[in-house]
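J.: Just passing along the structure, written as structure tokens.
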Amino acid sequence: MTDHAEPTPLWLRILQFPPIKLFLLGYPLFYCIGYSNAFQDLTKGLHLPSAFAVAGMVALAMWIYVGFGRLIERREISDLAFNPGLRELGIGMVVGSGLYTLGVLVLILLGYGRIEGMNPVVVMIPALYQACSAGFLEELLFRGALYRIVEEWLGSWISVIVSSVVFGAVHLTNPDATLTGAIFISIEAGLLLAAAYMLTRRLWLGIGFHIAWNYTQSAVFGGVVSGSIAQPGLFKTVFTGPDLVTGGGFGLEASLIPCLIATTTGAFLAYKAVQRGNVVLPFWSQPNDSPKIALANA
């Protein structure tokens, strides 16, 4: 006798429709980011309460993401698997810090930057929980929810564009945001972080990139993070020159140099994802009996 799987009930199929699913998951994750930022403002200067607030919001967001995946999407949460996810987290942190540092060194060698001294190491503490907040919460929302769900529906390449544009646009809300900065964020970070997920099918590599980039930018070199309020870093770094080279008030993410470095890295990861066959076809190109992930030209 052949076993037949029970049909999915209508109410669940409605909740699993991609736009509805994206709203139901994305809405609470978006508020986790907002509350995390609000708690950090309320506890500014108080390191332990700020760290606990960030840890609590990250734990809540993880619980929401895992619970939604199991109850509504009915899937294994493989994109948060610790093995080999934690190793990918470490790799992402090393590479993310290296990419930003390389951009700074190039600008110094070209004569557009200099280091004028150092601050006490203690100034590096606040940036740690701020970077963890952005790295975990924004990756859960923009790659775990937005990129992944749009990719399942419209395919990898459309999802890269959609998630990148949205990710860049939300940075327009930062205090010193510029349109140029938002466009650069869409190109460099949007591609890099989406390609990290496409390649590994996990969130950890992108989380590592995100945390380390932000932390190195703020805590190490004292740079402005995506048009937000500048804070002192370990090194007193000064950049002078055209905004297109230095990034102006938005920070180095609006500079051509880091943009080229991060975009080249993202393009390489996307190329490796294609080689692995990790490109998802849009729903209209998927045969009913085909595996979910296939090469775009298969």
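Residue numbers start at 1 in each chain; chains themselves are named A, B, ... in the order of the structure tokens; ligands are numbered from 1 in the order shown.
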For segment 113-117 of chain A, work out the shell of residues within 9 Å, counting only C-alpha atoms and skipping chain neighbours fewer than 2 positions away, then give it as an NGL selection string.

T.: :A and (104-111 or 119 or 221 or 234-241 or 246)

J.: Any chance you could export the current selection's N, CA, C and O atoms as a PDB file, in the first residue's frame?

T.:
ATOM      1  N   VAL A 104      40.859  51.040   3.423  1.00  0.00           N
ATOM      2  CA  VAL A 104      41.527  52.121   4.146  1.00  0.00           C
ATOM      3  C   VAL A 104      42.989  52.244   3.708  1.00  0.00           C
ATOM      4  O   VAL A 104      43.490  53.343   3.445  1.00  0.00           O
ATOM      5  N   LEU A 105      43.676  51.119   3.616  1.00  0.00           N
ATOM      6  CA  LEU A 105      45.095  51.143   3.239  1.00  0.00           C
ATOM      7  C   LEU A 105      45.293  51.702   1.836  1.00  0.00           C
ATOM      8  O   LEU A 105      46.243  52.461   1.589  1.00  0.00           O
ATOM      9  N   VAL A 106      44.405  51.334   0.914  1.00  0.00           N
ATOM     10  CA  VAL A 106      44.517  51.858  -0.454  1.00  0.00           C
ATOM     11  C   VAL A 106      44.358  53.370  -0.453  1.00  0.00           C
ATOM     12  O   VAL A 106      45.115  54.099  -1.115  1.00  0.00           O
ATOM     13  N   LEU A 107      43.382  53.872   0.302  1.00  0.00           N
ATOM     14  CA  LEU A 107      43.171  55.318   0.355  1.00  0.00           C
ATOM     15  C   LEU A 107      44.364  56.039   0.986  1.00  0.00           C
ATOM     16  O   LEU A 107      44.751  57.135   0.550  1.00  0.00           O
ATOM     17  N   ILE A 108      44.963  55.420   1.988  1.00  0.00           N
ATOM     18  CA  ILE A 108      46.154  56.020   2.603  1.00  0.00           C
ATOM     19  C   ILE A 108      47.310  56.043   1.608  1.00  0.00           C
ATOM     20  O   ILE A 108      48.016  57.055   1.471  1.00  0.00           O
ATOM     21  N   LEU A 109      47.492  54.938   0.893  1.00  0.00           N
ATOM     22  CA  LEU A 109      48.580  54.876  -0.090  1.00  0.00           C
ATOM     23  C   LEU A 109      48.386  55.870  -1.221  1.00  0.00           C
ATOM     24  O   LEU A 109      49.363  56.392  -1.783  1.00  0.00           O
ATOM     25  N   LEU A 110      47.122  56.156  -1.559  1.00  0.00           N
ATOM     26  CA  LEU A 110      46.829  57.114  -2.619  1.00  0.00           C
ATOM     27  C   LEU A 110      46.894  58.555  -2.131  1.00  0.00           C
ATOM     28  O   LEU A 110      46.743  59.495  -2.927  1.00  0.00           O
ATOM     29  N   GLY A 111      47.096  58.735  -0.835  1.00  0.00           N
ATOM     30  CA  GLY A 111      47.220  60.083  -0.289  1.00  0.00           C
ATOM     31  C   GLY A 111      45.920  60.722   0.146  1.00  0.00           C
ATOM     32  O   GLY A 111      45.887  61.922   0.442  1.00  0.00           O
ATOM     33  N   ASN A 119      43.291  56.315  20.143  1.00  0.00           N
ATOM     34  CA  ASN A 119      42.449  56.529  21.314  1.00  0.00           C
ATOM     35  C   ASN A 119      42.603  55.350  22.272  1.00  0.00           C
ATOM     36  O   ASN A 119      43.127  54.296  21.887  1.00  0.00           O
ATOM     37  N   PHE A 221      38.774  52.064  12.959  1.00  0.00           N
ATOM     38  CA  PHE A 221      39.212  53.253  12.219  1.00  0.00           C
ATOM     39  C   PHE A 221      38.369  54.502  12.493  1.00  0.00           C
ATOM     40  O   PHE A 221      38.623  55.556  11.899  1.00  0.00           O
ATOM     41  N   LEU A 234      39.711  53.187  17.541  1.00  0.00           N
ATOM     42  CA  LEU A 234      41.061  53.016  18.072  1.00  0.00           C
ATOM     43  C   LEU A 234      42.049  53.947  17.381  1.00  0.00           C
ATOM     44  O   LEU A 234      42.873  54.588  18.026  1.00  0.00           O
ATOM     45  N   PHE A 235      41.944  54.032  16.054  1.00  0.00           N
ATOM     46  CA  PHE A 235      42.821  54.917  15.290  1.00  0.00           C
ATOM     47  C   PHE A 235      42.077  56.193  14.933  1.00  0.00           C
ATOM     48  O   PHE A 235      40.900  56.153  14.555  1.00  0.00           O
ATOM     49  N   LYS A 236      42.768  57.308  15.042  1.00  0.00           N
ATOM     50  CA  LYS A 236      42.208  58.598  14.624  1.00  0.00           C
ATOM     51  C   LYS A 236      42.506  58.757  13.135  1.00  0.00           C
ATOM     52  O   LYS A 236      43.556  59.248  12.743  1.00  0.00           O
ATOM     53  N   THR A 237      41.561  58.304  12.328  1.00  0.00           N
ATOM     54  CA  THR A 237      41.767  58.270  10.882  1.00  0.00           C
ATOM     55  C   THR A 237      41.069  59.451  10.225  1.00  0.00           C
ATOM     56  O   THR A 237      39.901  59.727  10.512  1.00  0.00           O
ATOM     57  N   VAL A 238      41.781  60.134   9.348  1.00  0.00           N
ATOM     58  CA  VAL A 238      41.246  61.310   8.664  1.00  0.00           C
ATOM     59  C   VAL A 238      41.340  61.080   7.157  1.00  0.00           C
ATOM     60  O   VAL A 238      42.379  60.659   6.646  1.00  0.00           O
ATOM     61  N   PHE A 239      40.221  61.340   6.456  1.00  0.00           N
ATOM     62  CA  PHE A 239      40.197  61.211   4.999  1.00  0.00           C
ATOM     63  C   PHE A 239      39.884  62.573   4.391  1.00  0.00           C
ATOM     64  O   PHE A 239      38.987  63.285   4.849  1.00  0.00           O
ATOM     65  N   THR A 240      40.632  62.933   3.372  1.00  0.00           N
ATOM     66  CA  THR A 240      40.411  64.204   2.682  1.00  0.00           C
ATOM     67  C   THR A 240      40.423  63.962   1.177  1.00  0.00           C
ATOM     68  O   THR A 240      41.201  63.139   0.685  1.00  0.00           O
ATOM     69  N   GLY A 241      39.565  64.699   0.487  1.00  0.00           N
ATOM     70  CA  GLY A 241      39.490  64.541  -0.960  1.00  0.00           C
ATOM     71  C   GLY A 241      38.056  64.546  -1.425  1.00  0.00           C
ATOM     72  O   GLY A 241      37.125  64.780  -0.638  1.00  0.00           O
ATOM     73  N   THR A 246      36.380  59.565  -0.866  1.00  0.00           N
ATOM     74  CA  THR A 246      36.393  59.401   0.590  1.00  0.00           C
ATOM     75  C   THR A 246      35.044  58.959   1.160  1.00  0.00           C
ATOM     76  O   THR A 246      34.976  58.503   2.293  1.00  0.00           O
TER      77      THR A 246
END

J.: As number ranges by chain, please: the residues near segment 54-58 of chain A (cut-off 8 Å, only C-alpha atoms, same-chain neighbours under 6 positions excluded).

T.: A: 32-33, 35-36, 39-40, 129-130, 132-133, 136-137

J.: Using Å and a single decimal, report how far atom CA of Pro232 of chain A sits from atom CA of Ile261 of chain A.

T.: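 Between atom CA of Ile261 of chain A and atom CA of Pro232 of chain A the gap works out to 24.4 Å.
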
J.: Could you check which of A:Glu152, A:Glu88, A:Glu6, A:Glu139 is closest to Gln286 of chain A, using only C-alpha atoms?

T.: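 When distances to Gln286 of chain A are compared using only C-alpha atoms, the smallest one comes from A:Glu152.
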
J.: I'd like to know which of A:Ile72, A:Asp41, A:Leu99, A:Val122 is closest to Phe17 of chain A, using only C-alpha atoms.

T.: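 For Phe17 of chain A, the nearest of the given residues is A:Ile72.
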
J.: Distance table requested - segment 141-193 of chain A against segment 60-66 of chain A, cut-off 10 Å, only C-alpha atoms: one row per qualifying residue with the closest atom pair and its distance in Å to one decimal, ordered by chain and rising residue number, as CSV.

T.:
residue,atom,partner,partner_atom,distance
A:Leu141,CA,A:Tyr65,CA,9.0
A:Gly144,CA,A:Tyr65,CA,8.3
A:Ala145,CA,A:Tyr65,CA,8.3

J.: Those residues with N, CA, C and O atoms, as a compact mmCIF listing (two decimals), in the first residue's frame please?

T.:
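out12.txt was written with the following content:
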# COMPACT_ATOMS: atom_id res chain seq x y z
N LEU A 141 16.65 39.67 8.57
CA LEU A 141 15.58 40.33 7.82
C LEU A 141 15.86 40.35 6.32
O LEU A 141 15.04 39.90 5.52
N GLY A 144 17.76 36.44 5.31
CA GLY A 144 16.99 35.29 5.77
C GLY A 144 15.53 35.35 5.36
O GLY A 144 14.94 34.32 4.99
N ALA A 145 14.94 36.53 5.43
CA ALA A 145 13.53 36.67 5.04
C ALA A 145 13.41 37.18 3.60
O ALA A 145 12.92 36.47 2.73

J.: Could you pull out the helix (DSSP H, G or I) residues of segment 47-208 of chain A from DSSP and send them as a PyMOL selection string?

T.: chain A and resi 47-73+78-80+82-109+121-154+156-173+179-200+204-208
